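Participant: Submitted below is the structure of interest, expressed as structure tokens.
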Amino acid sequence: MADITSTNGSSNGSSLRLKTGLAEMLKGGVIMDVMSVEQARIAEEAGAVAVMALERVPAMIRATGGVARMCNPKLIKDIIAVSSIPVMAKARIGHFVEAQVLESLGVDFIDESEVLTPADEKYHIDKHRFTTPFVCGAKNLGEALRRVAEGAAMIRTKGEPGTGDVVHAVQHMRTITSEIKALTVLGEEELYTAAKNLQAPYELVRMVAKAGKLPVPNFSAGGIATPADAALMMQLGAETVFVGSGIFMKDGAQPLDVEVWTKMDANIGLCTTGDIGQHRNPEERAEGVSRAKAIVLATLHYSDPKIIAEASEGMLGSMKGLAAAAIEESQRMQTRGW
Amino acid sequence: MGAGPDKLETPSPLIGVLALQGAFEAHATRLRELDARTLLVRTPSQLSDIDALVIPGGESTTFLKHLDRGGFFDLLKTFVEQKPTFGTCAGAILLAANVVHPHQQSLAALDITIERNFYGRQNDSRILQTPTTLPGGPLETVYIRAPRITLTGPGVETLATRDGDATLVRQGHLLAATFHPELSPDTRVHKLFLQMVRDASTT
């Protein structure tokens, strides 16, 4: 009965342990962006370790423009209801009320994300104030450690979301890795200046210099579109990959139709009652399923080129993509946040 | 660091950690801290190299997906029926005879029924001091989106509990925990498993 004393929340140490603990459970996996209940089902069935619920994937946000905000809570609730794996959702940078809403909905991880339009140009969310763990993007070690100082329990590369071009995810991962390596050879007295140059807290810089790795799990996101891309990021040191537009997008603006006919469709005459529950577009659904499975397989066997080849072969089509170099500086999502 | 096993006359047992996905690194680190030799197991053929296995936490649905390939599931089932195996969280789900909420396939080696995600979502994850029969007083237990053991068979020994429900169980050469000893500084559970491995190798 009263045999337990909860220590959760009473000290920062134990609560951070629970937050990074969930990130530990997600290692070696694929976290997939999903825009519908059906996509969430496909992701779990394919072996995703978590899903990221959102209304528009980055490629669509890029194509349609406008202000990108937190996902509608109704969709998040519906996705939570059908998923046995963790569900994540995005809040705008600095929008702590969106984060409060996501926490109250029971999402398992909040992504304070540059994919959405930032709500605060100066301050990120104080993530220590939340029970729900946060993941944040970073382009370099200083940025990663500033986010950890604010309470992030997981870091991911920013890459350039919604492009299907992995080049910036690679650049960010390589930058973080080489900056970590550089710290490990510094003497104690040099670390103070390193902290100044990185614009990151000295204590965290010292921790990284000693351990040779980030104090929280280090994942990768932003432009990962194929099994080989996922394996590349894993070989470069990512512990898990986020795949956004790469799985369910046909081209830059149009998702694959993986949905099933619903009762409402039948009511308005889009299909017959006999069609309810059937796939609307079996070919496009098969394409989405094949991509999801292929990327999960390649992520597990990231150092086995034969299996990556097998995974790539099994993948029907891939998102069209957009060369990140062709995107004007002002249109880049990775420059959001600081 | 490579600490040699010079304390033992025979080579110390090689402990595999199933590294399909999840907290395998944390388990391997803990085992090495306790001077065990470890191997990260990603393919079915590696099972023949190891003397015992840890199945870590992670997502049990993802594990099952990966075990689907190349006869891994059947080889693993044979392994856990014979060799010392320790499952934590998702690993305990995999070992269980019966999985509910939702029902899913399992290795069915350990006579328990386990309910997935019973204690709620991440916001309900907890670090608790719980009663245990292990020497040394209450055990710090880290629960992350934890499952609950709802039934234990007659041959299953309960070593720790949460609100009266078993959280650490042993049946013969099998050990299972619904919490994460690899995320706690308390090393008693891993020490117990290493003792089980030693006992198995001397009989």
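For the structure tokens, the naming scheme is as follows: chains receive sequential letters (A, B, ...) according to their order of presentation, residues are indexed from 1 within each chain, and ligands are indexed from 1 in presentation order.
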Based on only C-alpha atoms, which of the residues in chain B come within 6 Å of chain A? I want them as a PyMOL selection string.

Facilitator: chain B and resi 21-23+57-59+62+65+122-123+126-130+163

Participant: Leaving out Leu191 of chain A and any residue of its chain fewer than 4 positions from it, which residues lie within 8 Å of it when counting only C-alpha atoms, given as a PDB file with N, CA, C and O atoms, in the first residue's frame?

Facilitator:
ATOM      1  N   LEU A 183      37.027  19.202 -27.809  1.00  0.00           N
ATOM      2  CA  LEU A 183      36.991  19.494 -26.359  1.00  0.00           C
ATOM      3  C   LEU A 183      37.766  18.478 -25.547  1.00  0.00           C
ATOM      4  O   LEU A 183      38.366  18.812 -24.523  1.00  0.00           O
ATOM      5  N   LEU A 186      41.422  19.216 -24.613  1.00  0.00           N
ATOM      6  CA  LEU A 186      41.771  20.475 -23.960  1.00  0.00           C
ATOM      7  C   LEU A 186      42.129  20.267 -22.484  1.00  0.00           C
ATOM      8  O   LEU A 186      41.609  19.357 -21.830  1.00  0.00           O
ATOM      9  N   GLY A 187      43.003  21.122 -21.993  1.00  0.00           N
ATOM     10  CA  GLY A 187      43.335  21.112 -20.574  1.00  0.00           C
ATOM     11  C   GLY A 187      42.251  21.832 -19.792  1.00  0.00           C
ATOM     12  O   GLY A 187      41.460  22.587 -20.372  1.00  0.00           O
ATOM     13  N   ALA A 195      34.219  27.299 -23.327  1.00  0.00           N
ATOM     14  CA  ALA A 195      32.826  27.576 -22.973  1.00  0.00           C
ATOM     15  C   ALA A 195      32.415  28.955 -23.483  1.00  0.00           C
ATOM     16  O   ALA A 195      31.322  29.143 -24.015  1.00  0.00           O
ATOM     17  N   TYR A 202      29.717  26.564 -18.766  1.00  0.00           N
ATOM     18  CA  TYR A 202      30.996  25.903 -18.495  1.00  0.00           C
ATOM     19  C   TYR A 202      30.809  24.480 -17.968  1.00  0.00           C
ATOM     20  O   TYR A 202      31.496  23.553 -18.394  1.00  0.00           O
ATOM     21  N   VAL A 205      30.067  22.135 -20.719  1.00  0.00           N
ATOM     22  CA  VAL A 205      31.243  21.992 -21.587  1.00  0.00           C
ATOM     23  C   VAL A 205      32.247  21.028 -20.943  1.00  0.00           C
ATOM     24  O   VAL A 205      32.793  20.134 -21.581  1.00  0.00           O
ATOM     25  N   ARG A 206      32.421  21.180 -19.649  1.00  0.00           N
ATOM     26  CA  ARG A 206      33.349  20.328 -18.916  1.00  0.00           C
ATOM     27  C   ARG A 206      32.877  18.867 -18.944  1.00  0.00           C
ATOM     28  O   ARG A 206      33.667  17.938 -19.138  1.00  0.00           O
TER      29      ARG A 206
END

Participant: Any chance you could list, as a PyMOL selection string, the residues in segment 88-137 of chain A that come up alpha helix (DSSP H) when DSSP is run on the backbone?

Facilitator: chain A and resi 96-105

Participant: Mind pulling up the distance from atom CA of Val289 of chain A to atom CA of Asp229 of chain A?

Facilitator: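 These atoms are spaced 17.6 Å apart.
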
Participant: Out of B:Asn117, B:Thr132, B:Thr161, B:Thr88, which residue has the shortest atom-to-atom distance to Phe179 of chain B when counting only C-alpha atoms?

Facilitator: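 Answer, going by the shortest atom-to-atom distance: B:Thr88.
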
Participant: Please compute the atom CA of Ala225 of chain A-atom CA of Pro161 of chain A distance, one decimal, in Å.

Facilitator: 10.3 Å

Participant: At a cut-off of 12 Å, using only C-alpha atoms, what residues contact Thr78 of chain B? Leave out same-chain residues fewer than 4 positions from it and give the result as a list in words.

Facilitator: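 With the cut-off at 12 Å, the set is Pro44, Leu47, Ser48, Gly71, Phe72, Phe73, Asp74, Gln82, Lys83, Pro84, Thr85, Leu95, Leu107, Ala108 and Ala109 of chain B.
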
Participant: Just the residues within 7 Å of segment 36-42 of chain B, please, counting only C-alpha atoms, with nothing from its chain fewer than 4 positions along; format it as a list in words.

Facilitator: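 Contacts, with the query itself left out: Pro13, Leu14, Ile15, Gly16, Val17, Leu18, Ala19, Leu20, Ala28, Leu31, Arg32 and Gln46 of chain B.
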
Participant: Store the residues picked out above in a file with C-alpha atoms, as a PDB file, in the first residue's frame.

Facilitator:
ATOM      1  CA  PRO B  13      30.865 -15.991 -19.278  1.00  0.00           C
ATOM      2  CA  LEU B  14      30.078 -13.801 -22.280  1.00  0.00           C
ATOM      3  CA  ILE B  15      26.851 -11.864 -21.716  1.00  0.00           C
ATOM      4  CA  GLY B  16      24.971 -10.841 -24.853  1.00  0.00           C
ATOM      5  CA  VAL B  17      22.819  -7.717 -24.891  1.00  0.00           C
ATOM      6  CA  LEU B  18      20.118  -7.818 -27.540  1.00  0.00           C
ATOM      7  CA  ALA B  19      20.815  -4.628 -29.522  1.00  0.00           C
ATOM      8  CA  LEU B  20      17.917  -4.505 -31.944  1.00  0.00           C
ATOM      9  CA  ALA B  28      26.214  -3.168 -21.574  1.00  0.00           C
ATOM     10  CA  LEU B  31      27.553  -5.117 -17.009  1.00  0.00           C
ATOM     11  CA  ARG B  32      31.079  -3.971 -17.921  1.00  0.00           C
ATOM     12  CA  GLN B  46      25.622 -14.270 -32.544  1.00  0.00           C
TER      13      GLN B  46
END

Participant: Using Å and a single decimal, report how far atom CA of Glu203 of chain A sits from atom CA of Thr335 of chain A.

Facilitator: 26.0 Å
